[in-house]
Every structure is written in C-alpha cells, then in structure tokens.
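Chemist: Could you have a look at this structure, given as structure tokens, before my questions?
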Amino acid sequence: MDLALIFQGIGTMFYQESNIVIARIMLIIIGIVLVWLGKRNTLEPLIMIPMGFGMAAVNAGVLFMTSTTTGTLFVDPLVADTNGIMDGLQVYFLQPIYTLTFSNSLIACLVFMGIGVLADVGSLLRYPFTSMFIALFAELGTIAALPIGRAMGLSYGESAAIAVVGGADGPMVLFSSMMLAPEMFVPITVIAYLYLSLTYAGYPFLIRATVPREIRGNVVKLTKKTGITSGEKLAFDVIACVVLCLLLPVAAPLFMSFFLGNAIKESGIIKYTKMLEDVVLYWSTFFLGLLLGVLCDASTILNPKVLPVLILGMIALGLSGIGGIIGGFLVYFINNKNFNPTIGIAGVSCVPTTAKIAQHEVVKVNKRASIIQIAMGANLSGVITSAIITGIYVSMRGYFM
Amino acid sequence: MDDFSISFAIQAYFFTFVISLGMAVLIKLMLWVIRRLTPKTPQPASDTAGE
Amino acid sequence: MTEVLSPMAGRVQEINVKVGQMITEDDELFIVEALKMENVVYGDPGVVKEILVTVGQEVEEDQVLAIIE
C-alpha cells in the first residue's frame, strides 16, 4: 500500500524537486488569499475568485501522468503540434477553452466587446481633444517601461508586453503578451490583473499626494452642453473602427470588438445588448480568471524572470498614473484653472475603475462636484490610445523580434 | 538603457500622438459633417427625446 | 427656476424629496446609480416644483430629474 501512489497530490510532493514543491504550497496559499481578498472586495472579485480557486486547485491536484512525469488534468499550455493538441483537447478538461479562446486572444476580444457595450462614448465625443490629451499623457508608463525593461535585461518583446500593463487594460495585456512574449504570457497577464485590481487601493494615494486639496474639489464649468445622439456615437464607432483597423491591422480584432460592442449599445438592439452585457461579458471574465489561475502551476511560475515582471509592471502603472496627473495639470493650466487635475488619472484606461477613483476623490473634498462625465471621456480615450500603442508595438515587432 | 529602445519608444509615442490627435480631429470633423447634413430639429434638452 | 440634472447615465436608485418640499443646498435629492457607484445629486436651495423621474428609471446624462423654484 504505497500511500504516495494513492494520494498523488501529496505523493508527487515527495517526487518533485523541492523548489517546485515549495512553489506549489505557496501558490495554493496565494490562491486561497486571492479568493478571500476577492470576497472582501479588496481585489476585483469577478476575476480573483475564479483565479484564486484555479490557482489553488491546480497546484494541489498534481498527479503522476506517467511513472516518471507529473502533471495535472487541467490544461497543457505548451502543446503546439496538431496531434498533441487533439490529444490534449480530450485529456485536459479546460484545454478546449484554452486552445480555442485563450491563445488566439478570442477571450480578450470578448471581454473588450463587453467593455464596449457598457461604455458611453458621449463624453469622448463632446471633449475629444481634452480626453485624448490626457490619455496620451497617461501612457507615459507604457512608453517609458520599454527602455527601462531593456535596461533591466529583458528582451524587447518582454519589455513591450510588460509596458502594455501600463495601459491598465487586462485584455490588451493578454493580447500583447501572446504576440510579443508568448513564453512569459502567464506571469505577465496574471500580474497585470493583480495590479489592475490593486490600482483601486494605490491610485487614491497618488492623487492625494500630487493634487493639492484646494484644487482637488474643483468643479469644472462646462460650456454649452451639446447633446450627442446615438446616431453620432454609432457613426463614430464605425469610422474609428475602420480607420484604426486600416492603420494597425494587427490589433484589428481588439479594435473591432470594442467598437462593435459599443455599436450594439448605440444601435438599440436590446437582445444583442443584453446578450453581450449579461452573458458574453461575464462568461469571458469568468473563464479568463479561471484559466489564468489554472495556468499558474508551479513549474510555469518558477521563472526567474517573474521578479523583473513584478517590478516593471509596477513601474509602468505608476508612471502612467503620474503621467495622467501631469496631463490633468496641463489641461488645468491651459484652461485657466477651469479644470480638475484629478481627472488626469482617469486617462489610465482601467475602465471604469480609474474614472470612479477620480470621482470618488473629488467628491470626498467637495460633495457637489461631479467630474465623472469628463473622466469617462478621458477613460475611454485611454482605452483607445492604449490599443493604439499596443497595435504599434505589435506591428513593429518585426524590427526587434 | 540602450539607444535603440529609447528611440523606438519615442517613435512609437510619436505615432500614437499623431493617431490619437488625428482621431480627435476626425471626431470634430465627423460631428460637423453630420450636423450639417441632418435637418434642423429643435435642440432636445436631453439625449433621449426623439431617439 | 433651475433644473436638477443627472450627472451621468444610470438608474435612479433613490428619490429623497417630494414636490413642494423646501430644500437647501446640502440636501441629497437623488441617488443615481451608475457603474456600480452611487452618485448623489444635489440642487440649489428652493422649493421642489416637479419631480420628473421615478425610482428604478433609467436616465441619461444631463437628463432633467427635477425642477426647483
């Protein structure tokens, strides 16, 4: 009665190398912590609860695949040849989702469609220059992280993929890391999602440290408010989609997904809107979180390059936040102080989190102030500028890969 | 930081700048064209009227 | 006479005033829920003349919620 062969989750621990065993135990603990933090709402529960569960389960449920190798029945991210994939699809229970939605970025695009169907581009259309201006400054981290990453010893592809974390958009990080640094896409994407959840905690401090209290509560006096009709928003969706796809076809799936989602909202097709809002968005978010967790098995994570990813990701997001606030201040001065620099942080395109953070911090100082409209304009331009940079990085990958 | 990655990043930023501001111009242009072409209706007080 | 406008598109979660009520500028008149965030809507001091929305109604950005005299 070899207990190690009956209870293989534990038995494999005596067989694998000690650093893998330690990593497995730590990942199980981290997975549990993520679920708890998700429940407490410290981190985004929609992603963290499936991710934490997946992470804990995949590191616990290791078995002997053959007499000399260990593995799990969850997913095999490395299988590449056609026969291997066909076998894998029948052996690993999450393989179909992984192969058919993850590696081809379908799931990232579906999430983007969901973001599009929830977004209101009205503010962006009403104040295009202000919104784009702030969004461009909020990409500071995405740009600076590339040379910084290189200085840290990472390859171009890796630096670029991590730099996209500064764009604060989960699906885009998935997309770019798949195309620019596929071997590292698991740690990069997982860390990206973790940090994006943490911006909720970190950015308010950044705002309070950089925007003085007297200005933080500024009410922005807006000139005549022209209404933007649904038809105009729809026209924008179509035109912007076509223009951006023409310029950066590598990112066309992402562009089309976002604009299609928004177009469905603006065209008033309720059945499609409900389908995207209620089913597609939540389905993809759920499986995205689950897959990411399940991909975090010890052997994939034990990559010495994870540490630079952790550091560089934080630098990218931090610089983007600072950049956004700088942009906010510039608009403040250009508009003769008729602006609230806090809005700058909404240019970091974590929709709608950063816009909400900006509104929250402003309301805390002045309860009558409402900058959420302009913040959303900046927020959505942030999505577009991040997508543009991602598209450029991926398009230009021939130069360095 | 090596020269190429800095110049590369700056180039990428420059393109992004141009495209983004180009989008802003496009938006203004588009709205102008649409408003010229649609028949004059009394300005609604809110977005929902008549939609 | 002023209009109380909705700060953004969302759902009217709460209506805390009645027609004819005297309000100050600190009174929370409405709560509009959007993006899982509660936006409190304030108004200028005066008397509530009309309330144009109901609880649960979906509103647009800048939609008139009430008229104050």
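Here, A, B, ... name the chains of the structure tokens in the order displayed, residue numbers run from 1 inside each chain, and ligands are numbered from 1 in the same displayed order.
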Just want the 7 Å neighbourhood of Gly327 in chain A, counted on only C-alpha atoms, with same-chain residues fewer than 5 positions away dropped. Output as an mmCIF file with all heavy atoms, in the first residue's frame.

Modeler:
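Below is the file result.cif, written as the result:
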data_model
loop_
_atom_site.group_PDB
_atom_site.id
_atom_site.type_symbol
_atom_site.label_atom_id
_atom_site.label_comp_id
_atom_site.auth_asym_id
_atom_site.auth_seq_id
_atom_site.Cartn_x
_atom_site.Cartn_y
_atom_site.Cartn_z
ATOM 1 N N PHE A 133 -5.788 64.202 -25.051
ATOM 2 C CA PHE A 133 -4.599 64.810 -24.469
ATOM 3 C C PHE A 133 -4.232 64.129 -23.165
ATOM 4 O O PHE A 133 -3.100 63.696 -22.943
ATOM 5 C CB PHE A 133 -4.903 66.301 -24.246
ATOM 6 C CG PHE A 133 -3.704 67.105 -23.876
ATOM 7 C CD1 PHE A 133 -2.778 67.460 -24.829
ATOM 8 C CD2 PHE A 133 -3.511 67.522 -22.562
ATOM 9 C CE1 PHE A 133 -1.679 68.220 -24.495
ATOM 10 C CE2 PHE A 133 -2.412 68.279 -22.224
ATOM 11 C CZ PHE A 133 -1.493 68.624 -23.194
ATOM 12 N N ILE A 134 -5.231 63.985 -22.293
ATOM 13 C CA ILE A 134 -4.975 63.342 -21.005
ATOM 14 C C ILE A 134 -4.565 61.891 -21.211
ATOM 15 O O ILE A 134 -3.619 61.394 -20.590
ATOM 16 C CB ILE A 134 -6.231 63.405 -20.110
ATOM 17 C CG1 ILE A 134 -6.501 64.842 -19.720
ATOM 18 C CG2 ILE A 134 -6.068 62.530 -18.886
ATOM 19 C CD1 ILE A 134 -7.686 64.994 -18.819
ATOM 20 N N PHE A 137 -0.955 61.464 -22.131
ATOM 21 C CA PHE A 137 -0.033 61.593 -21.016
ATOM 22 C C PHE A 137 -0.100 60.386 -20.095
ATOM 23 O O PHE A 137 0.879 60.003 -19.476
ATOM 24 C CB PHE A 137 -0.316 62.888 -20.244
ATOM 25 C CG PHE A 137 0.370 64.056 -20.852
ATOM 26 C CD1 PHE A 137 -0.233 64.772 -21.874
ATOM 27 C CD2 PHE A 137 1.638 64.407 -20.452
ATOM 28 C CE1 PHE A 137 0.414 65.826 -22.467
ATOM 29 C CE2 PHE A 137 2.295 65.472 -21.035
ATOM 30 C CZ PHE A 137 1.685 66.190 -22.056
ATOM 31 N N GLY A 344 -7.050 63.603 -14.558
ATOM 32 C CA GLY A 344 -5.932 63.016 -15.275
ATOM 33 C C GLY A 344 -5.776 61.521 -15.046
ATOM 34 O O GLY A 344 -5.426 60.780 -15.958
#

Chemist: Among the residues of range 311-398 of chain A, find those DSSP assigns to alpha helix (DSSP H) from the backbone and print them as JSON, numbers by chain.

Modeler: {"A": [311, 312, 313, 314, 315, 316, 317, 318, 319, 320, 321, 322, 323, 324, 325, 326, 327, 328, 329, 330, 331, 332, 333, 334, 353, 354, 355, 356, 357, 358, 359, 360, 361, 362, 363, 364, 365, 372, 373, 374, 375, 376, 377, 378, 379, 380, 381, 382, 383, 384, 385, 386, 387, 388, 389, 390, 391, 392, 393, 394, 395, 397, 398]}

Chemist: Tell me which of A:Arg150, A:Lys364, A:Lys337, A:Arg213 sits closest to chain B, counting only C-alpha atoms.

Modeler: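 Among the listed residues, A:Arg150 lies closest to chain B.
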
Chemist: List every residue of chain C that DSSP, applied to the backbone of this structure, assigns to strand (DSSP E or B), and report them as a PyMOL selection string.

Modeler: chain C and resi 2-5+10-15+22-23+30-34+37-41+46-51+58-59+64-68

Chemist: Could you please take those selected residues and save N, CA, C and O atoms as a short mmCIF file (atom, residue, chain, number, x, y, z; two decimals), in the first residue's frame?

Modeler:
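In the end it all went to out_21.cif:
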data_model
loop_
_atom_site.label_atom_id
_atom_site.label_comp_id
_atom_site.auth_asym_id
_atom_site.auth_seq_id
_atom_site.Cartn_x
_atom_site.Cartn_y
_atom_site.Cartn_z
N THR C 2 -34.55 76.48 -11.56
CA THR C 2 -33.40 75.71 -12.06
C THR C 2 -33.78 74.26 -12.24
O THR C 2 -34.72 73.75 -11.61
N GLU C 3 -33.01 73.60 -13.10
CA GLU C 3 -33.23 72.18 -13.32
C GLU C 3 -32.18 71.38 -12.59
O GLU C 3 -31.02 71.78 -12.54
N VAL C 4 -32.60 70.26 -12.02
CA VAL C 4 -31.63 69.37 -11.41
C VAL C 4 -31.32 68.29 -12.45
O VAL C 4 -32.22 67.58 -12.90
N LEU C 5 -30.04 68.21 -12.85
CA LEU C 5 -29.68 67.29 -13.92
C LEU C 5 -28.96 66.06 -13.38
O LEU C 5 -28.31 66.12 -12.34
N GLY C 10 -27.54 56.41 -15.96
CA GLY C 10 -27.62 55.36 -14.95
C GLY C 10 -29.05 55.11 -14.55
O GLY C 10 -29.99 55.38 -15.32
N ARG C 11 -29.23 54.63 -13.33
CA ARG C 11 -30.55 54.28 -12.85
C ARG C 11 -30.85 55.09 -11.61
O ARG C 11 -30.00 55.24 -10.74
N VAL C 12 -32.08 55.60 -11.51
CA VAL C 12 -32.46 56.34 -10.32
C VAL C 12 -32.63 55.34 -9.18
O VAL C 12 -33.53 54.49 -9.20
N GLN C 13 -31.76 55.46 -8.19
CA GLN C 13 -31.82 54.49 -7.11
C GLN C 13 -32.71 54.97 -5.97
O GLN C 13 -33.43 54.20 -5.37
N GLU C 14 -32.62 56.26 -5.68
CA GLU C 14 -33.40 56.80 -4.57
C GLU C 14 -33.92 58.18 -4.90
O GLU C 14 -33.21 58.97 -5.54
N ILE C 15 -35.12 58.50 -4.47
CA ILE C 15 -35.63 59.88 -4.56
C ILE C 15 -35.92 60.31 -3.14
O ILE C 15 -36.79 59.73 -2.47
N MET C 22 -39.14 72.12 0.75
CA MET C 22 -38.15 73.20 0.78
C MET C 22 -36.79 72.54 0.90
O MET C 22 -36.58 71.71 1.78
N ILE C 23 -35.86 72.84 0.02
CA ILE C 23 -34.55 72.18 0.13
C ILE C 23 -33.42 73.20 0.24
O ILE C 23 -33.52 74.33 -0.24
N PHE C 30 -31.30 63.16 -5.03
CA PHE C 30 -31.44 61.87 -5.70
C PHE C 30 -30.17 61.07 -5.53
O PHE C 30 -29.12 61.63 -5.28
N ILE C 31 -30.31 59.77 -5.74
CA ILE C 31 -29.10 58.96 -5.91
C ILE C 31 -29.24 58.25 -7.25
O ILE C 31 -30.21 57.51 -7.46
N VAL C 32 -28.29 58.53 -8.13
CA VAL C 32 -28.27 57.85 -9.43
C VAL C 32 -27.16 56.83 -9.41
O VAL C 32 -26.01 57.16 -9.13
N GLU C 33 -27.51 55.59 -9.68
CA GLU C 33 -26.51 54.53 -9.64
C GLU C 33 -25.99 54.28 -11.05
O GLU C 33 -26.75 54.09 -11.99
N ALA C 34 -24.68 54.33 -11.18
CA ALA C 34 -24.08 54.05 -12.48
C ALA C 34 -22.73 53.40 -12.26
O ALA C 34 -22.01 53.77 -11.35
N MET C 37 -21.59 52.60 -8.90
CA MET C 37 -21.21 53.66 -7.99
C MET C 37 -22.43 54.53 -7.74
O MET C 37 -23.21 54.80 -8.65
N GLU C 38 -22.59 54.97 -6.50
CA GLU C 38 -23.73 55.82 -6.18
C GLU C 38 -23.36 57.27 -6.34
O GLU C 38 -22.43 57.75 -5.69
N ASN C 39 -24.07 57.99 -7.22
CA ASN C 39 -23.83 59.41 -7.40
C ASN C 39 -24.94 60.19 -6.72
O ASN C 39 -26.10 60.06 -7.07
N VAL C 40 -24.56 60.99 -5.72
CA VAL C 40 -25.56 61.80 -5.05
C VAL C 40 -25.76 63.08 -5.83
O VAL C 40 -24.80 63.72 -6.24
N VAL C 41 -27.02 63.43 -6.06
CA VAL C 41 -27.32 64.64 -6.82
C VAL C 41 -27.84 65.71 -5.88
O VAL C 41 -28.80 65.49 -5.13
N GLY C 46 -34.27 76.01 -2.65
CA GLY C 46 -35.55 76.44 -3.22
C GLY C 46 -36.65 75.46 -2.87
O GLY C 46 -36.52 74.65 -1.94
N VAL C 47 -37.71 75.52 -3.62
CA VAL C 47 -38.84 74.61 -3.40
C VAL C 47 -38.93 73.67 -4.59
O VAL C 47 -38.84 74.10 -5.74
N VAL C 48 -39.15 72.40 -4.30
CA VAL C 48 -39.26 71.42 -5.38
C VAL C 48 -40.59 71.62 -6.10
O VAL C 48 -41.65 71.48 -5.52
N LYS C 49 -40.50 71.96 -7.37
CA LYS C 49 -41.75 72.21 -8.11
C LYS C 49 -42.24 70.95 -8.80
O LYS C 49 -43.42 70.65 -8.81
N GLU C 50 -41.30 70.19 -9.39
CA GLU C 50 -41.71 68.99 -10.13
C GLU C 50 -40.64 67.92 -10.00
O GLU C 50 -39.45 68.25 -10.03
N ILE C 51 -41.07 66.67 -9.92
CA ILE C 51 -40.10 65.56 -9.98
C ILE C 51 -40.44 64.75 -11.23
O ILE C 51 -41.57 64.27 -11.36
N GLU C 58 -34.35 54.38 -15.80
CA GLU C 58 -33.05 54.59 -16.42
C GLU C 58 -33.01 56.02 -16.93
O GLU C 58 -33.93 56.45 -17.61
N VAL C 59 -31.94 56.73 -16.59
CA VAL C 59 -31.83 58.11 -17.05
C VAL C 59 -30.57 58.30 -17.87
O VAL C 59 -29.63 57.51 -17.77
N VAL C 64 -33.15 65.85 -17.11
CA VAL C 64 -33.72 66.65 -16.04
C VAL C 64 -34.43 65.73 -15.06
O VAL C 64 -35.31 64.96 -15.43
N LEU C 65 -34.00 65.80 -13.79
CA LEU C 65 -34.60 64.94 -12.78
C LEU C 65 -35.72 65.67 -12.05
O LEU C 65 -36.73 65.08 -11.68
N ALA C 66 -35.48 66.99 -11.81
CA ALA C 66 -36.47 67.75 -11.07
C ALA C 66 -36.34 69.22 -11.42
O ALA C 66 -35.33 69.65 -11.96
N ILE C 67 -37.38 70.00 -11.09
CA ILE C 67 -37.33 71.44 -11.30
C ILE C 67 -37.51 72.12 -9.95
O ILE C 67 -38.43 71.77 -9.18
N ILE C 68 -36.64 73.06 -9.67
CA ILE C 68 -36.65 73.77 -8.38
C ILE C 68 -37.00 75.22 -8.62
O ILE C 68 -36.51 75.82 -9.59
#

Chemist: Residues at most 8 Å from Ala12 in chain B, counting only C-alpha atoms, excluding those fewer than 5 positions away in the same chain, as number ranges by chain?

Modeler: A: 143, 389, 392-393

Chemist: How would the residues just chosen look if you wrote them out with N, CA, C and O atoms as a PDB file, in the first residue's frame?

Modeler:
ATOM      1  N   ILE A 143       5.147  53.823 -22.402  1.00  0.00           N
ATOM      2  CA  ILE A 143       6.273  54.144 -23.272  1.00  0.00           C
ATOM      3  C   ILE A 143       7.590  53.976 -22.541  1.00  0.00           C
ATOM      4  O   ILE A 143       8.525  53.347 -23.031  1.00  0.00           O
ATOM      5  N   ILE A 389      -1.181  52.112 -28.956  1.00  0.00           N
ATOM      6  CA  ILE A 389       0.207  51.779 -28.626  1.00  0.00           C
ATOM      7  C   ILE A 389       0.442  50.284 -28.736  1.00  0.00           C
ATOM      8  O   ILE A 389       1.446  49.829 -29.296  1.00  0.00           O
ATOM      9  N   ILE A 392       0.797  49.449 -32.230  1.00  0.00           N
ATOM     10  CA  ILE A 392       2.089  49.864 -32.784  1.00  0.00           C
ATOM     11  C   ILE A 392       3.195  48.926 -32.333  1.00  0.00           C
ATOM     12  O   ILE A 392       4.025  48.465 -33.127  1.00  0.00           O
ATOM     13  N   TYR A 393       3.217  48.604 -31.044  1.00  0.00           N
ATOM     14  CA  TYR A 393       4.240  47.694 -30.541  1.00  0.00           C
ATOM     15  C   TYR A 393       4.191  46.361 -31.285  1.00  0.00           C
ATOM     16  O   TYR A 393       5.206  45.812 -31.715  1.00  0.00           O
TER      17      TYR A 393
END

Chemist: Could you name the residues that touch range 19-36 of chain B at 9 Å or less, counting only C-alpha atoms, but leaving out those on the same chain fewer than 5 positions away, as a ChimeraX atom specification?

Modeler: /A:124-129,131-133,135-136,228,232,235-236,239-240,243-244,247,381,384-385,388 /B:14

Chemist: Chain A near chain C within 12 Å: what's each residue's closest atom pair and its distance in Å to one decimal, counting only C-alpha atoms, ordered by chain then ascending residue number, as JSON lines?

Modeler:
{"residue": "A:Ile115", "atom": "CA", "partner": "C:Leu35", "partner_atom": "CA", "distance": 11.5}
{"residue": "A:Leu118", "atom": "CA", "partner": "C:Leu35", "partner_atom": "CA", "distance": 8.7}
{"residue": "A:Ala119", "atom": "CA", "partner": "C:Leu35", "partner_atom": "CA", "distance": 9.7}
{"residue": "A:Asp120", "atom": "CA", "partner": "C:Ala9", "partner_atom": "CA", "distance": 8.4}
{"residue": "A:Val121", "atom": "CA", "partner": "C:Ala9", "partner_atom": "CA", "distance": 11.4}
{"residue": "A:Gly122", "atom": "CA", "partner": "C:Glu61", "partner_atom": "CA", "distance": 9.0}
{"residue": "A:Ser123", "atom": "CA", "partner": "C:Glu61", "partner_atom": "CA", "distance": 9.5}
{"residue": "A:Lys224", "atom": "CA", "partner": "C:Asp62", "partner_atom": "CA", "distance": 11.9}
{"residue": "A:Lys225", "atom": "CA", "partner": "C:Asp62", "partner_atom": "CA", "distance": 8.9}
{"residue": "A:Thr226", "atom": "CA", "partner": "C:Asp62", "partner_atom": "CA", "distance": 10.3}
{"residue": "A:Gly227", "atom": "CA", "partner": "C:Asp62", "partner_atom": "CA", "distance": 8.8}
{"residue": "A:Ile228", "atom": "CA", "partner": "C:Glu61", "partner_atom": "CA", "distance": 10.2}
{"residue": "A:Thr229", "atom": "CA", "partner": "C:Glu60", "partner_atom": "CA", "distance": 11.2}
{"residue": "A:Ser230", "atom": "CA", "partner": "C:Glu60", "partner_atom": "CA", "distance": 11.5}
{"residue": "A:Val351", "atom": "CA", "partner": "C:Leu35", "partner_atom": "CA", "distance": 9.8}
{"residue": "A:Pro352", "atom": "CA", "partner": "C:Leu35", "partner_atom": "CA", "distance": 7.2}
{"residue": "A:Thr353", "atom": "CA", "partner": "C:Leu35", "partner_atom": "CA", "distance": 8.9}
{"residue": "A:Thr354", "atom": "CA", "partner": "C:Leu35", "partner_atom": "CA", "distance": 11.6}
{"residue": "A:Ala355", "atom": "CA", "partner": "C:Leu35", "partner_atom": "CA", "distance": 10.0}
{"residue": "A:Lys356", "atom": "CA", "partner": "C:Met37", "partner_atom": "CA", "distance": 7.5}
{"residue": "A:Ile357", "atom": "CA", "partner": "C:Met37", "partner_atom": "CA", "distance": 10.2}
{"residue": "A:Gln359", "atom": "CA", "partner": "C:Asn39", "partner_atom": "CA", "distance": 9.3}
{"residue": "A:His360", "atom": "CA", "partner": "C:Met37", "partner_atom": "CA", "distance": 9.2}
{"residue": "A:Val363", "atom": "CA", "partner": "C:Asn39", "partner_atom": "CA", "distance": 9.4}
{"residue": "A:Lys364", "atom": "CA", "partner": "C:Val40", "partner_atom": "CA", "distance": 11.9}
{"residue": "A:Asn366", "atom": "CA", "partner": "C:Asp26", "partner_atom": "CA", "distance": 11.3}
{"residue": "A:Lys367", "atom": "CA", "partner": "C:Val40", "partner_atom": "CA", "distance": 8.2}
{"residue": "A:Arg368", "atom": "CA", "partner": "C:Tyr42", "partner_atom": "CA", "distance": 6.4}
{"residue": "A:Ala369", "atom": "CA", "partner": "C:Tyr42", "partner_atom": "CA", "distance": 9.4}
{"residue": "A:Ser370", "atom": "CA", "partner": "C:Pro7", "partner_atom": "CA", "distance": 6.7}
{"residue": "A:Ile371", "atom": "CA", "partner": "C:Pro7", "partner_atom": "CA", "distance": 8.4}
{"residue": "A:Ile372", "atom": "CA", "partner": "C:Met8", "partner_atom": "CA", "distance": 7.4}
{"residue": "A:Gln373", "atom": "CA", "partner": "C:Met8", "partner_atom": "CA", "distance": 6.4}
{"residue": "A:Ile374", "atom": "CA", "partner": "C:Met8", "partner_atom": "CA", "distance": 10.1}
{"residue": "A:Ala375", "atom": "CA", "partner": "C:Met8", "partner_atom": "CA", "distance": 11.0}
{"residue": "A:Met376", "atom": "CA", "partner": "C:Met8", "partner_atom": "CA", "distance": 9.7}
{"residue": "A:Gly377", "atom": "CA", "partner": "C:Met8", "partner_atom": "CA", "distance": 11.8}

Chemist: Using CA of Met178 in chain A and CA of Ser103 in chain A as the two end points, give the distance in Å to one decimal.

Modeler: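 Computing it gives 6.9 Å between the two atoms.
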
Chemist: Report the distance between CA of Gly318 in chain A and CA of Val211 in chain A in Å, rounded to one decimal place.

Modeler: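 Taking CA of Gly318 in chain A as the start and CA of Val211 in chain A as the end point, the length is 15.3 Å.
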